[in-house]
>>> print(open('run.tsv').read())   # TSV, C-alpha atoms
chain	number	residue	atom	x	y	z
D	1	MET	CA	78.44	143.64	129.84
D	2	GLU	CA	79.76	140.91	127.55
D	3	LYS	CA	79.39	137.41	129.00
D	4	ARG	CA	82.72	135.77	129.86
D	5	LYS	CA	83.61	132.82	127.66
D	6	SER	CA	83.68	129.41	129.35
D	7	ILE	CA	87.10	127.76	129.05
D	8	VAL	CA	87.82	124.04	129.32
D	9	ALA	CA	91.31	122.56	128.97
D	10	GLY	CA	91.69	118.98	127.76
D	11	PHE	CA	94.72	116.80	128.56
D	12	ASP	CA	95.82	113.41	127.23
D	13	ILE	CA	98.77	112.17	129.30
D	14	GLY	CA	100.59	109.55	127.24
D	15	GLY	CA	103.79	107.65	127.83
D	16	ALA	CA	105.53	109.54	125.01
D	17	HIS	CA	103.57	112.81	124.66
D	18	LEU	CA	101.45	115.25	126.61
D	19	LYS	CA	98.62	116.62	124.47
D	20	VAL	CA	96.71	119.70	125.60
D	21	THR	CA	93.79	121.61	124.08
D	22	ARG	CA	91.86	124.71	125.01
D	23	ALA	CA	88.15	125.00	124.27
D	24	GLN	CA	86.22	128.25	124.53
D	25	ASP	CA	82.43	128.02	124.56
D	26	GLY	CA	82.59	124.48	123.19
D	27	ARG	CA	85.09	125.17	120.40
D	28	ILE	CA	88.75	124.13	120.24
D	29	VAL	CA	90.91	127.24	119.86
D	30	GLU	CA	94.37	125.89	120.75
D	31	ALA	CA	96.05	122.48	120.62
D	32	VAL	CA	99.61	121.39	121.29
D	33	THR	CA	101.72	118.23	121.63
D	34	ILE	CA	104.85	118.04	123.79
D	35	ALA	CA	107.32	115.14	123.77
D	36	THR	CA	107.10	113.59	127.25
D	37	PRO	CA	109.21	110.42	127.55
D	38	LEU	CA	107.76	109.20	130.83
D	39	TRP	CA	110.09	106.20	130.82
D	40	LEU	CA	112.83	108.67	131.80
D	41	GLY	CA	110.93	109.83	134.87
D	42	LEU	CA	108.00	111.92	136.07
D	43	HIS	CA	110.09	115.07	135.76
D	44	THR	CA	109.37	114.96	132.02
D	45	LEU	CA	105.66	115.37	132.74
D	46	THR	CA	106.33	118.16	135.22
D	47	SER	CA	108.30	119.96	132.52
D	48	ALA	CA	105.55	119.40	129.94
D	49	PHE	CA	102.89	120.78	132.28
D	50	ARG	CA	105.06	123.85	132.76
D	51	GLU	CA	105.59	124.29	129.01
D	52	THR	CA	101.89	124.00	128.20
D	53	ALA	CA	100.70	126.25	131.04
D	54	PRO	CA	99.65	129.08	128.68
D	55	ILE	CA	97.20	126.68	127.00
D	56	TYR	CA	95.30	125.89	130.20
D	57	ALA	CA	95.81	129.19	132.04
D	58	GLY	CA	92.54	130.56	133.40
D	59	ALA	CA	90.52	127.46	132.54
D	60	ASP	CA	87.22	127.01	134.38
D	61	LEU	CA	87.69	123.26	134.19
D	62	ASN	CA	90.51	120.84	133.35
D	63	ALA	CA	89.60	117.43	131.88
D	64	PHE	CA	92.10	114.58	131.76
D	65	THR	CA	92.52	111.20	130.14
D	66	MET	CA	95.62	109.04	130.13
D	67	THR	CA	97.64	106.12	128.81
D	68	GLY	CA	100.88	107.07	130.55
D	69	GLU	CA	100.20	104.61	133.35
D	70	LEU	CA	101.74	102.00	131.03
D	71	ALA	CA	105.19	103.60	131.29
D	72	ASP	CA	107.73	101.18	132.68
D	73	ILE	CA	108.75	103.49	135.51
D	74	PHE	CA	105.58	102.24	137.24
D	75	PRO	CA	105.42	98.73	138.73
D	76	SER	CA	101.76	98.33	137.67
D	77	ARG	CA	98.94	100.15	135.90
D	78	ASP	CA	97.27	100.90	139.24
D	79	ALA	CA	100.47	102.48	140.53
D	80	GLY	CA	100.79	104.45	137.31
D	81	VAL	CA	97.26	105.82	137.52
D	82	ALA	CA	97.84	106.80	141.15
D	83	ALA	CA	101.11	108.56	140.34
D	84	LEU	CA	99.60	110.47	137.43
D	85	LEU	CA	96.61	111.55	139.53
D	86	ASP	CA	99.05	112.86	142.14
D	87	GLU	CA	100.88	114.81	139.43
D	88	ILE	CA	97.63	116.31	138.19
D	89	SER	CA	96.65	117.45	141.66
D	90	ALA	CA	100.11	118.88	142.35
D	91	ARG	CA	100.80	120.57	139.01
D	92	VAL	CA	97.51	121.73	137.50
D	93	PRO	CA	95.51	124.28	139.52
D	94	GLY	CA	91.73	124.56	139.40
D	95	GLU	CA	88.89	122.08	139.09
D	96	ASN	CA	90.13	118.79	137.65
D	97	LEU	CA	87.96	116.00	136.24
D	98	ILE	CA	89.23	112.61	135.10
D	99	TYR	CA	87.65	110.62	132.29
D	100	ALA	CA	86.68	107.15	133.52
D	101	GLY	CA	85.06	105.58	130.47
D	102	PRO	CA	81.57	104.23	131.25
D	103	SER	CA	81.68	106.05	134.61
D	104	GLY	CA	82.03	109.40	132.84
D	105	PHE	CA	83.94	112.28	134.39
D	106	VAL	CA	84.86	111.95	138.04
D	107	GLY	CA	86.91	113.88	140.57
D	108	VAL	CA	90.50	112.92	141.36
D	109	GLU	CA	89.59	111.13	144.59
D	110	GLN	CA	86.92	109.02	142.91
D	111	ALA	CA	89.24	108.34	139.97
D	112	ALA	CA	91.72	106.79	142.40
D	113	ARG	CA	89.07	104.17	143.19
D	114	LEU	CA	88.26	103.55	139.51
D	115	ASN	CA	91.71	102.62	138.20
D	116	ALA	CA	90.40	100.04	135.76
D	117	ASP	CA	88.02	102.59	134.17
D	118	VAL	CA	90.59	105.40	134.09
D	119	ALA	CA	93.55	103.45	132.69
D	120	SER	CA	94.01	103.90	128.92
D	121	ALA	CA	90.47	105.24	128.46
D	122	ASN	CA	91.43	107.96	125.97
D	123	TRP	CA	90.08	105.94	123.02
D	124	HIS	CA	86.66	105.73	124.70
D	125	ALA	CA	86.53	109.51	125.13
D	126	THR	CA	87.20	110.17	121.46
D	127	ALA	CA	84.84	107.44	120.30
D	128	SER	CA	82.10	108.86	122.54
D	129	LEU	CA	82.52	112.28	120.94
D	130	VAL	CA	82.44	110.74	117.45
D	131	ALA	CA	79.22	108.96	118.40
D	132	LYS	CA	77.66	112.32	119.24
D	133	LEU	CA	78.92	114.05	116.12
D	134	ALA	CA	78.75	111.39	113.41
D	135	GLY	CA	76.33	108.69	114.51
D	136	ASP	CA	77.23	105.31	113.01
D	137	ALA	CA	80.88	105.03	111.99
D	138	LEU	CA	84.02	102.94	112.10
D	139	PHE	CA	86.28	105.19	114.15
D	140	VAL	CA	90.04	104.84	113.65
D	141	ASP	CA	92.59	106.91	115.57
D	142	MET	CA	96.21	106.32	114.58
D	143	GLY	CA	98.73	108.07	116.77
D	144	SER	CA	102.48	107.84	117.08
D	145	THR	CA	102.43	104.45	118.80
D	146	THR	CA	99.05	102.73	118.56
D	147	THR	CA	95.90	102.53	116.47
D	148	ASP	CA	92.41	102.41	117.99
D	149	ILE	CA	89.58	100.91	115.94
D	150	VAL	CA	86.08	101.29	117.37
D	151	ALA	CA	82.63	100.55	115.97
D	152	ILE	CA	79.97	103.22	116.54
D	153	ARG	CA	76.40	101.91	116.26
D	154	ASN	CA	73.15	103.81	116.76
D	155	GLY	CA	75.05	106.81	118.07
D	156	ALA	CA	76.81	104.81	120.81
D	157	VAL	CA	80.24	103.24	121.31
D	158	ALA	CA	79.88	99.53	120.49
D	159	ASN	CA	83.19	98.23	121.81
D	160	ASP	CA	83.89	94.58	122.47
D	161	GLY	CA	86.92	94.95	124.76
D	162	TYR	CA	87.68	97.74	127.21
D	163	THR	CA	91.06	97.03	128.78
D	164	ASP	CA	94.25	96.95	126.72
D	165	ALA	CA	94.29	93.17	126.99
D	166	GLY	CA	90.69	92.82	125.87
D	167	ARG	CA	91.08	95.26	123.01
D	168	LEU	CA	94.23	93.57	121.74
D	169	LEU	CA	92.23	90.33	121.54
D	170	SER	CA	89.27	91.97	119.77
D	171	GLY	CA	91.37	93.87	117.21
D	172	GLU	CA	90.21	97.22	118.61
D	173	LEU	CA	93.78	98.04	119.66
D	174	VAL	CA	96.61	97.50	117.18
D	175	TYR	CA	99.98	98.28	118.64
D	176	THR	CA	101.37	100.11	115.65
D	177	GLY	CA	101.63	103.85	115.07
D	178	PHE	CA	102.64	106.34	112.42
D	179	THR	CA	106.04	107.34	113.85
D	180	ARG	CA	107.34	105.37	116.84
D	181	THR	CA	106.84	101.75	115.70
D	182	PHE	CA	109.98	99.69	115.17
D	183	LEU	CA	110.25	98.34	111.63
D	184	PHE	CA	110.55	94.76	112.85
D	185	GLY	CA	107.19	95.38	114.51
D	186	VAL	CA	105.46	95.41	111.12
D	187	ALA	CA	107.57	92.97	109.10
D	188	SER	CA	110.29	90.36	109.55
D	189	SER	CA	111.74	90.76	106.06
D	190	ALA	CA	111.76	93.09	103.06
D	191	PRO	CA	112.06	92.58	99.28
D	192	VAL	CA	115.43	93.73	97.94
D	193	ARG	CA	116.05	93.35	94.22
D	194	GLY	CA	113.67	90.46	93.93
D	195	ARG	CA	114.78	88.56	97.03
D	196	LEU	CA	113.10	88.57	100.43
D	197	THR	CA	115.76	89.68	102.90
D	198	PRO	CA	115.39	88.96	106.64
D	199	LEU	CA	115.67	92.07	108.79
D	200	MET	CA	118.31	92.84	111.35
D	201	ASN	CA	116.43	92.40	114.62
D	202	GLU	CA	117.74	95.69	116.00
D	203	TYR	CA	116.31	99.15	116.54
D	204	PHE	CA	118.19	100.65	113.62
D	205	ALA	CA	115.15	102.45	112.16
D	206	SER	CA	111.47	103.16	112.77
D	207	ILE	CA	108.37	103.53	110.64
D	208	THR	CA	109.03	107.28	110.78
D	209	ASP	CA	111.95	106.72	108.45
D	210	ALA	CA	109.79	104.87	105.93
D	211	HIS	CA	107.16	107.62	105.98
D	212	ARG	CA	109.81	110.35	105.70
D	213	ILE	CA	111.33	108.64	102.64
D	214	LEU	CA	107.84	108.41	101.10
D	215	GLY	CA	107.28	112.13	101.70
D	216	VAL	CA	104.11	111.66	103.77
D	217	LEU	CA	105.47	112.61	107.20
D	218	ASP	CA	104.70	115.98	108.78
D	219	GLU	CA	107.97	116.63	110.61
D	220	LYS	CA	106.22	118.26	113.57
D	221	ASP	CA	104.67	114.87	114.32
D	222	ASP	CA	108.11	113.30	114.86
D	223	ARG	CA	109.03	114.66	118.29
D	224	HIS	CA	111.52	112.04	119.49
D	225	ALA	CA	115.12	111.32	118.53
D	226	SER	CA	115.82	109.08	115.57
D	227	ALA	CA	117.07	105.55	116.20
D	228	ASP	CA	120.70	106.59	115.77
D	229	GLY	CA	120.24	110.09	117.18
D	230	LYS	CA	121.26	111.59	113.84
D	231	GLU	CA	119.60	113.93	111.36
D	232	LYS	CA	115.93	113.68	110.45
D	233	THR	CA	116.38	113.94	106.70
D	234	VAL	CA	115.60	111.63	103.80
D	235	ASP	CA	119.30	110.73	103.53
D	236	GLY	CA	119.43	110.05	107.27
D	237	SER	CA	116.33	107.87	107.07
D	238	ILE	CA	117.73	105.91	104.13
D	239	ALA	CA	120.96	105.26	106.07
D	240	ARG	CA	118.92	103.92	108.98
D	241	LEU	CA	116.69	101.84	106.73
D	242	ALA	CA	119.76	100.39	105.01
D	243	ARG	CA	121.08	99.00	108.29
D	244	MET	CA	117.86	97.01	108.73
D	245	ILE	CA	118.76	94.92	105.67
D	246	GLY	CA	122.51	94.77	106.26
D	247	ARG	CA	123.43	97.34	103.65
D	248	ASP	CA	124.75	100.86	103.20
D	249	ALA	CA	122.69	103.62	101.61
D	250	ALA	CA	124.87	103.79	98.48
D	251	GLU	CA	124.20	100.16	97.58
D	252	LEU	CA	120.70	100.85	96.22
D	253	THR	CA	119.14	103.63	94.18
D	254	LEU	CA	116.69	106.19	95.56
D	255	PRO	CA	113.73	104.54	93.75
D	256	GLU	CA	114.73	101.22	95.30
D	257	TRP	CA	114.76	102.74	98.78
D	258	HIS	CA	111.34	104.22	98.05
D	259	GLU	CA	110.01	100.76	97.24
D	260	ILE	CA	111.43	99.28	100.42
D	261	ALA	CA	109.93	102.12	102.47
D	262	ARG	CA	106.61	101.55	100.72
D	263	TRP	CA	106.80	97.86	101.66
D	264	PHE	CA	107.03	98.66	105.37
D	265	SER	CA	104.17	101.15	105.23
D	266	GLU	CA	102.10	98.59	103.34
D	267	GLN	CA	102.82	95.88	105.92
D	268	GLN	CA	101.63	98.23	108.64
D	269	LEU	CA	98.45	99.02	106.72
D	270	ARG	CA	97.72	95.32	106.27
D	271	LYS	CA	97.80	94.79	110.03
D	272	ILE	CA	95.37	97.66	110.53
D	273	HIS	CA	93.16	96.47	107.68
D	274	ASP	CA	92.93	92.96	109.14
D	275	ALA	CA	91.84	94.33	112.50
D	276	ALA	CA	89.44	96.87	110.98
D	277	SER	CA	87.73	94.12	108.99
D	278	LEU	CA	87.01	92.29	112.24
D	279	VAL	CA	85.83	95.34	114.15
D	280	ALA	CA	83.60	96.59	111.32
D	281	GLY	CA	81.56	93.43	111.80
D	282	SER	CA	77.95	94.12	110.90
D	283	LEU	CA	78.41	97.80	110.07
D	284	VAL	CA	76.69	98.43	106.77
D	285	PRO	CA	78.88	99.37	103.78
D	286	ASP	CA	77.78	103.00	103.66
D	287	VAL	CA	78.97	103.68	107.23
D	288	PRO	CA	82.06	105.89	106.90
D	289	ILE	CA	85.47	105.62	108.50
D	290	VAL	CA	86.09	108.60	110.76
D	291	GLY	CA	89.84	109.09	111.05
D	292	ALA	CA	91.84	110.95	113.69
D	293	GLY	CA	95.44	111.21	114.80
D	294	THR	CA	98.78	111.89	113.18
D	295	GLY	CA	98.39	108.84	110.93
D	296	ARG	CA	95.37	110.06	108.98
D	297	TRP	CA	97.28	109.54	105.72
D	298	GLN	CA	97.33	105.84	106.51
D	299	ILE	CA	93.66	105.84	107.57
D	300	ARG	CA	92.65	107.41	104.24
D	301	ARG	CA	94.34	104.48	102.52
D	302	LEU	CA	92.46	102.11	104.81
D	303	ALA	CA	89.15	103.71	103.82
D	304	GLU	CA	89.97	103.31	100.14
D	305	ARG	CA	90.88	99.67	100.68
D	306	MET	CA	87.67	98.99	102.59
D	307	GLU	CA	85.66	100.99	100.02
D	308	ARG	CA	84.24	103.25	102.70
D	309	ARG	CA	83.91	107.02	102.72
D	310	PHE	CA	86.60	108.80	104.76
D	311	VAL	CA	85.60	111.55	107.18
D	312	ASP	CA	88.34	113.50	108.93
D	313	PHE	CA	87.72	114.02	112.65
D	314	ALA	CA	89.17	117.50	112.05
D	315	GLU	CA	86.22	118.43	109.86
D	316	ILE	CA	83.43	117.39	112.22
D	317	ILE	CA	84.60	118.83	115.53
D	318	PRO	CA	83.86	122.43	116.54
D	319	ALA	CA	87.27	124.10	116.18
D	320	ASP	CA	88.91	127.18	114.75
D	321	ASP	CA	90.06	126.45	111.22
D	322	ALA	CA	93.69	127.26	112.06
D	323	VAL	CA	93.86	124.47	114.66
D	324	ARG	CA	91.66	121.77	113.12
D	325	GLY	CA	94.57	119.60	111.99
D	326	GLU	CA	96.35	119.70	115.32
D	327	ALA	CA	93.07	119.24	117.20
D	328	SER	CA	92.59	116.00	115.26
D	329	SER	CA	96.16	114.89	115.92
D	330	VAL	CA	95.48	115.27	119.66
D	331	ALA	CA	91.96	113.84	119.36
D	332	PRO	CA	91.54	112.48	122.94
D	333	ALA	CA	92.56	115.83	124.44
D	334	SER	CA	90.08	117.57	122.15
D	335	ALA	CA	87.40	115.03	123.05
D	336	VAL	CA	87.66	115.40	126.83
D	337	ALA	CA	87.69	119.20	126.51
D	338	LEU	CA	84.52	119.18	124.43
D	339	LEU	CA	82.74	116.44	126.41
D	340	ALA	CA	83.55	118.03	129.77
D	341	GLY	CA	82.08	121.35	128.68
D	342	SER	CA	78.64	120.10	129.68
D	343	HIS	CA	79.79	120.10	133.32
D	344	LEU	CA	80.01	123.90	133.38
>>> encode(input="run.tsv", output="structure tokens")
Amino acid sequence: MEKRKSIVAGFDIGGAHLKVTRAQDGRIVEAVTIATPLWLGLHTLTSAFRETAPIYAGADLNAFTMTGELADIFPSRDAGVAALLDEISARVPGENLIYAGPSGFVGVEQAARLNADVASANWHATASLVAKLAGDALFVDMGSTTTDIVAIRNGAVANDGYTDAGRLLSGELVYTGFTRTFLFGVASSAPVRGRLTPLMNEYFASITDAHRILGVLDEKDDRHASADGKEKTVDGSIARLARMIGRDAAELTLPEWHEIARWFSEQQLRKIHDAASLVAGSLVPDVPIVGAGTGRWQIRRLAERMERRFVDFAEIIPADDAVRGEASSVAPASAVALLAGSHL
């Protein structure tokens, strides 16, 4: 009789997305991202669990990590962790383990006593997997909202900070992402026909619009409404970008809009580069950058700028070829699924 395949489901509960993977015998075979705007209420997570149920159906083990405790529906991180643990217990059947950073995987009850380890630990899960797979590396995961930068030395995570506050100070957490970042979050002005124009300090456009205009955005990675709620097209993005500098789309040519979009993407990259230079510290020059997340296009540019070899997380994890890209985009969910497999 053929031996039954072991199945582990991995979950990354974020404030904007739920990411779920399915691993069979230590190999990612399915991966999905669902828009989950937790700031609107916990019902969005309930709906996302329901929508992704086919991915985790029949799993021997469910492994979770989270950042959604930061959502402003919760009065504190501790309250957010507690609420999300309650949702996990109520909505996901079977054996559930929670990733608690240095404490490893723990049950839901123990996780409730380890709030500080559980909160926003998804970066540690992915970095720990990279340490096992790649040895020494500068690991960079750029998602929709944030960028994690972690040094891997001697096959171990060599982080300086652990909490969000500590990692912001150390440069290991840069609060900028490939799609959801407001444009005034990366720059306060933009060059327009040779003059530096201050930006409108309004949410008229996001970095998604710049990357769409540049032609480097995979539309499936943009899962939330645009700033004005209108069409997600190049023309729509140019109209939104134009408002940031007090203009209408027809006032400049398409090449000019391209250059302005390129400026914003460049300003974002400079912020990441500054932080990465700090985190790289004593890593020797031949240590590669391992890149994960939806912003791997930007991480490739970072590697070129730092004159380091780029290694795609998608290429080093055990995964079916058809899902490698998505498995990298949902890297923490892939990581907890693969790391938790040893518990079976």
>>> residues_around(input="run.tsv", residues="Trp263 of chain D", least_positions_apart="4", cutoff="10 Å", atoms="all atoms listed in the file", output="PyMOL selection string")
chain D and resi 186-187+189-191+210+257-259+267-269
>>> axis_aligned_box(input="run.tsv", around="segment 239-252 of chain D", padding_each_side="5 Å", output="lines of an AutoDock Vina configuration file")
center_x = 120.8
center_y = 100.0
center_z = 102.6
size_x = 18.2
size_y = 20.5
size_z = 22.8
>>> atom_distance(input="run.tsv", atom1="atom CA of Ile7 of chain D", atom2="atom CA of Tyr56 of chain D")
8.5 Å
>>> closest_residue(input="run.tsv", among="D:Glu30, D:Gln24, D:Gly14, D:His43", to="Ala71 of chain D", atoms="only C-alpha atoms")
D:Gly14
>>> closest_atom_pairs(input="run.tsv", of="segment 75-184 of chain D", to="segment 228-241 of chain D", cutoff="12 Å", atoms="only C-alpha atoms", output="tab-separated table")
residue	atom	partner	partner_atom	distance
D:Phe182	CA	D:Leu241	CA	11.0
D:Leu183	CA	D:Leu241	CA	8.8
D:Phe184	CA	D:Leu241	CA	11.2
>>> closest_residue(input="run.tsv", among="D:Ser188, D:Thr65, D:Asn154, D:Ser342", to="Val330 of chain D", atoms="all atoms listed in the file")
D:Thr65
>>> closest_atom_pairs(input="run.tsv", of="segment 31-134 of chain D", to="segment 337-340 of chain D", cutoff="9 Å", atoms="all atoms listed in the file", output="JSON lines")
{"residue": "D:Leu61", "atom": "CA", "partner": "D:Ala340", "partner_atom": "CA", "distance": 8.0}
{"residue": "D:Asn62", "atom": "CA", "partner": "D:Ala337", "partner_atom": "CA", "distance": 7.6}
{"residue": "D:Ala63", "atom": "CA", "partner": "D:Ala337", "partner_atom": "CA", "distance": 6.0}
{"residue": "D:Phe64", "atom": "CA", "partner": "D:Ala337", "partner_atom": "CA", "distance": 8.3}
{"residue": "D:Leu97", "atom": "CA", "partner": "D:Ala340", "partner_atom": "CA", "distance": 8.1}
{"residue": "D:Tyr99", "atom": "CA", "partner": "D:Ala340", "partner_atom": "CA", "distance": 8.8}
{"residue": "D:Phe105", "atom": "CA", "partner": "D:Ala340", "partner_atom": "CA", "distance": 7.4}
{"residue": "D:Ala125", "atom": "CA", "partner": "D:Leu339", "partner_atom": "CA", "distance": 8.0}
{"residue": "D:Ser128", "atom": "CA", "partner": "D:Leu339", "partner_atom": "CA", "distance": 8.5}
{"residue": "D:Leu129", "atom": "CA", "partner": "D:Leu339", "partner_atom": "CA", "distance": 6.9}
>>> closest_atom_pairs(input="run.tsv", of="segment 71-190 of chain D", to="segment 214-223 of chain D", cutoff="9 Å", atoms="only C-alpha atoms", output="CSV")
residue,atom,partner,partner_atom,distance
D:Ser144,CA,D:Asp221,CA,7.9
D:Phe178,CA,D:Leu217,CA,8.6
D:Thr179,CA,D:Asp222,CA,6.4
D:Arg180,CA,D:Asp222,CA,8.2
>>> closest_residue(input="run.tsv", among="D:Ser47, D:Thr52, D:Gln110, D:Ser76", to="Val32 of chain D", atoms="all atoms listed in the file")
D:Thr52
>>> residues_around(input="run.tsv", residues="Asp25 of chain D", least_positions_apart="5", cutoff="9 Å", atoms="all atoms listed in the file", output="list in words")
Lys5, Ser6, Ile7, Val8 and Gly341 of chain D
>>> write_last_selection(input="run.tsv", atoms="C-alpha atoms", output="PDB file, in the frame of the given file")
ATOM      1  CA  LYS D   5      83.610 132.820 127.660  1.00  0.00           C
ATOM      2  CA  SER D   6      83.680 129.410 129.350  1.00  0.00           C
ATOM      3  CA  ILE D   7      87.100 127.760 129.050  1.00  0.00           C
ATOM      4  CA  VAL D   8      87.820 124.040 129.320  1.00  0.00           C
ATOM      5  CA  GLY D 341      82.080 121.350 128.680  1.00  0.00           C
TER       6      GLY D 341
END
>>> decode(input="run.tsv", residues="segment 19-62 of chain D", atoms="C-alpha atoms", output="compact mmCIF listing (two decimals), in the first residue's frame")
# COMPACT_ATOMS: atom_id res chain seq x y z
CA LYS D 19 -1.13 34.03 2.66
CA VAL D 20 -1.55 30.25 2.67
CA THR D 21 0.62 27.42 1.35
CA ARG D 22 0.29 23.67 1.19
CA ALA D 23 3.34 21.43 1.51
CA GLN D 24 3.30 17.72 0.73
CA ASP D 25 6.23 15.66 1.96
CA GLY D 26 8.29 18.81 2.49
CA ARG D 27 7.54 20.42 -0.88
CA ILE D 28 5.30 23.42 -1.58
CA VAL D 29 2.56 22.39 -4.01
CA GLU D 30 0.08 25.26 -3.64
CA ALA D 31 0.31 28.92 -2.59
CA VAL D 32 -2.26 31.70 -2.55
CA THR D 33 -2.69 35.30 -1.36
CA ILE D 34 -6.06 36.78 -0.40
CA ALA D 35 -6.70 40.47 0.26
CA THR D 36 -7.65 40.71 3.95
CA PRO D 37 -8.06 44.32 5.10
CA LEU D 38 -8.12 43.62 8.83
CA TRP D 39 -8.62 47.31 9.58
CA LEU D 40 -12.21 46.79 8.41
CA GLY D 41 -12.83 44.04 10.95
CA LEU D 42 -12.11 40.41 11.79
CA HIS D 43 -14.85 39.29 9.41
CA THR D 44 -12.36 39.85 6.57
CA LEU D 45 -10.10 37.16 8.06
CA THR D 46 -13.03 34.81 8.57
CA SER D 47 -13.91 35.24 4.90
CA ALA D 48 -10.29 34.67 3.84
CA PHE D 49 -10.05 31.47 5.89
CA ARG D 50 -13.21 30.27 4.17
CA GLU D 51 -11.90 31.15 0.71
CA THR D 52 -8.57 29.38 1.25
CA ALA D 53 -10.07 26.26 2.87
CA PRO D 54 -9.27 24.03 -0.14
CA ILE D 55 -5.56 24.83 0.33
CA TYR D 56 -5.43 23.54 3.92
CA ALA D 57 -8.13 20.86 3.70
CA GLY D 58 -6.93 17.55 5.13
CA ALA D 59 -3.67 18.96 6.48
CA ASP D 60 -1.94 16.92 9.19
CA LEU D 61 -0.62 20.13 10.69
CA ASN D 62 -1.31 23.86 10.34
